[in-house]
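Student: My questions all concern the structure below.
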Amino acid sequence: MSAVVVVGAGIVGSSVAYELARRGVPVTLLEQGPAPATGVTGDSFAWVRGSGGHWPSGAQDLREHVLADYRRLENELPHVTLRRTGSLSWADTPAQESRPGPGQLRIGRSDVAALEPNLRHPPDQAIYTPSDAGVDPTAMTYALAAAAGAHGATVLHNTAVTSLQVTDGRVEGVLTSTGLHAAATVVLAAGTGVPKLCEPLTADLAIAASPATLARVTAPPGLVKTIVASPDFEVREVRDGDLLLVVPHAEGTAASLEQAAQDAFQHLKAAFQESDDCRLLGYRTGTRPMPAHGPVIGPVTHDRSVYVAVMHSAISLAPTVGRLIADELVTGRPAPELRHCRPRVR
């Protein structure tokens, strides 16, 4: 196989590099930060689900593989472990409630209370998805990058890609802060940075940047049992006594963001008993890539020398996408599961 350069050592790029390396492909994984997952991957809520939620366009074709690919990675990589807690979600009013999808159950107040015994006021009904899980995205990305290296990949940090190297109309690698990295194929998995790198090409990439803020909260272990998505907040326990709390986006000043984090924290404390010992440790805003029409995965040049992989939610989809991209690049055969994810090339 010809050499491949993968740009971006977030969860998607690290998954692609791992899957290529284990198939014997010479691959170099480039990351502008000092370590894997220093971008938006590390700022992810990391809710892994194969049902429920919003699955636009081609994501629908990938969702059925999510849980199986995570189980596969758990068997292959000892440091990848899911917290299989299931999830509970409910709306403000019956009119806003969604119907249960495959693998989901509508449950009543007593069942909600059994699953979340610390809730002060369990809702009359909620959607329960027993297969939902959480993952530590940073630990998982480290594991993928390390496994790629163990299979022969070159993993370079502090290596910012400044542009594609184009010779006579063909991309032959990338120019970086440390020099040229030649490759027959370049895979761009750098999230919101992908459109700028593709500016010299004829691709039409509609990828917006969406801010997302997460707060970290210390709490009594087991205060939150499942992944809870209520009208006022979303929260899950990452590890014993460590909660991750979604903060609604606040436009404006740093003071506005501080107030939004404090409000979300107070909603959490009001919702759960035994929450007096909870402490807000801090919060951080990341910038998620949000393709307008679902995942964008595939070649953006007619000679297939540049391949993009941008999606939301990357945490759920990365193991499946890494496997499918590696298969496409190795065999040259298009993966039918990706047929609705292709970028538009003029």
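Following the order of the structure tokens, first chain is A, next is B, and so on, with residues numbered from 1 inside each chain and ligands from 1 in the order they appear.
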Taking only residues of range 26-134 of chain A that have an atom at most 6 Å from an atom of range 260-280 of chain A, what is each one's shortest atom pair and its distance in Å to one decimal, using only C-alpha atoms, in chain and number order, as a tab-separated table?
Tutor:
```
residue	atom	partner	partner_atom	distance
A:Asn118	CA	A:Gln273	CA	5.1
A:Leu119	CA	A:Phe272	CA	4.6
A:Arg120	CA	A:Phe272	CA	5.4
```
Student: Quick one: residues within 12 Å of Leu257 in chain A, only C-alpha atoms, excluding same-chain residues fewer than 3 positions away - as a VMD selection string?
Tutor: chain A and resid 211 to 215 247 to 254 260 to 264 282 to 285
Student: What does the file look like for those residues with C-alpha atoms, as a short mmCIF file (atom, residue, chain, number, x, y, z; two decimals), in the first residue's frame?
Tutor:
```cif
data_model
loop_
_atom_site.label_atom_id
_atom_site.label_comp_id
_atom_site.auth_asym_id
_atom_site.auth_seq_id
_atom_site.Cartn_x
_atom_site.Cartn_y
_atom_site.Cartn_z
CA PRO A 211 -19.60 25.98 20.29
CA ALA A 212 -20.36 23.56 23.11
CA THR A 213 -19.63 24.09 26.80
CA LEU A 214 -19.17 21.35 29.37
CA ALA A 215 -18.76 21.73 33.12
CA VAL A 247 -24.03 23.96 29.75
CA PRO A 248 -26.53 25.65 27.39
CA HIS A 249 -24.77 27.94 24.93
CA ALA A 250 -24.62 31.56 26.04
CA GLU A 251 -23.84 34.31 23.53
CA GLY A 252 -21.92 37.32 24.71
CA THR A 253 -19.31 37.88 27.38
CA ALA A 254 -17.34 35.62 29.66
CA ALA A 260 -24.89 29.84 32.25
CA ALA A 261 -22.52 27.36 33.94
CA GLN A 262 -23.72 28.41 37.39
CA ASP A 263 -27.37 28.13 36.31
CA ALA A 264 -26.84 24.62 34.92
CA GLY A 282 -14.76 24.49 36.04
CA TYR A 283 -16.04 24.61 32.50
CA ARG A 284 -14.64 24.74 29.00
CA THR A 285 -15.99 25.51 25.54
#
```
Student: Would you give me, as a count of residues only, the residues in range 11-260 of chain A that DSSP reads as strand (DSSP E)?
Tutor: 77
Student: Please list as a ChimeraX atom specification every residue within 8 Å of range 37-50 of chain A, counting only C-alpha atoms and excluding residues in the same chain fewer than 5 positions away.
Tutor: /A:9-11,63-67,131-138,141-142,213-214,227,244-246,284-288,315-316
Student: Counting only C-alpha atoms, what is within 8 Å of Ser57 in chain A, bar same-chain residues fewer than 4 positions away, as a ChimeraX atom specification?
Tutor: /A:61,293-295,340-341
Student: Please produce an output containing N, CA, C and O atoms for each residue in the selection, written as a PDB file, in the first residue's frame.
Tutor:
```
ATOM      1  N   ASP A  61     -27.289   5.408   8.202  1.00  0.00           N
ATOM      2  CA  ASP A  61     -26.743   4.157   7.690  1.00  0.00           C
ATOM      3  C   ASP A  61     -25.630   3.617   8.576  1.00  0.00           C
ATOM      4  O   ASP A  61     -25.235   2.452   8.439  1.00  0.00           O
ATOM      5  N   HIS A 293     -25.376  18.664   6.272  1.00  0.00           N
ATOM      6  CA  HIS A 293     -26.224  17.577   5.771  1.00  0.00           C
ATOM      7  C   HIS A 293     -25.778  16.217   6.296  1.00  0.00           C
ATOM      8  O   HIS A 293     -25.901  15.209   5.607  1.00  0.00           O
ATOM      9  N   GLY A 294     -25.262  16.169   7.509  1.00  0.00           N
ATOM     10  CA  GLY A 294     -24.808  14.902   8.072  1.00  0.00           C
ATOM     11  C   GLY A 294     -23.330  14.676   7.812  1.00  0.00           C
ATOM     12  O   GLY A 294     -22.634  15.544   7.276  1.00  0.00           O
ATOM     13  N   PRO A 295     -22.805  13.517   8.196  1.00  0.00           N
ATOM     14  CA  PRO A 295     -21.373  13.241   8.055  1.00  0.00           C
ATOM     15  C   PRO A 295     -20.872  13.467   6.629  1.00  0.00           C
ATOM     16  O   PRO A 295     -21.570  13.154   5.664  1.00  0.00           O
ATOM     17  N   HIS A 340     -24.292   7.787   1.483  1.00  0.00           N
ATOM     18  CA  HIS A 340     -25.002   9.043   1.704  1.00  0.00           C
ATOM     19  C   HIS A 340     -24.162  10.078   2.459  1.00  0.00           C
ATOM     20  O   HIS A 340     -24.700  11.101   2.901  1.00  0.00           O
ATOM     21  N   CYS A 341     -22.870   9.798   2.592  1.00  0.00           N
ATOM     22  CA  CYS A 341     -21.980  10.708   3.322  1.00  0.00           C
ATOM     23  C   CYS A 341     -21.015  11.442   2.402  1.00  0.00           C
ATOM     24  O   CYS A 341     -20.157  12.195   2.892  1.00  0.00           O
TER      25      CYS A 341
END
```
Student: Work out how far apart CA of Leu324 in chain A and CA of Gln32 in chain A are and give it in Å to one decimal.
Tutor: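 Here the two named atoms are 24.9 Å from each other.
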Student: Could you check the closest approach to Val238 in chain A for each of A:Ala139, A:Ala68, A:Ala209, A:Val12 and tell me which residue wins, using only C-alpha atoms?
Tutor: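 Checking each candidate against Val238 in chain A, we get A:Ala139 as the closest.
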Student: Which residues are close to Pro195 in chain A, i.e. within 9 Å by only C-alpha atoms, leaving aside same-chain residues fewer than 6 positions away? Reply as a PyMOL selection string.
Tutor: chain A and resi 203-207
Student: May I ask which of the residues A:Thr320, A:Ser230, A:Thr162, A:Gln104 is the closest one to Thr178 in chain A, counting only C-alpha atoms?
Tutor: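 Using only C-alpha atoms, the shortest distance to Thr178 in chain A belongs to A:Thr162.
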Student: Using only C-alpha atoms, find the one residue out of A:Asp240, A:Asp124, A:Glu337, A:Glu97 that sits nearest to Ser110 in chain A.
Tutor: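 Among the listed residues, the smallest separation from Ser110 in chain A belongs to A:Asp124.
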Student: As an exercise, work out the distance from CA of Val345 in chain A to CA of Glu172 in chain A in Å and give it to one decimal place.
Tutor: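 These two atoms are separated by 18.7 Å.
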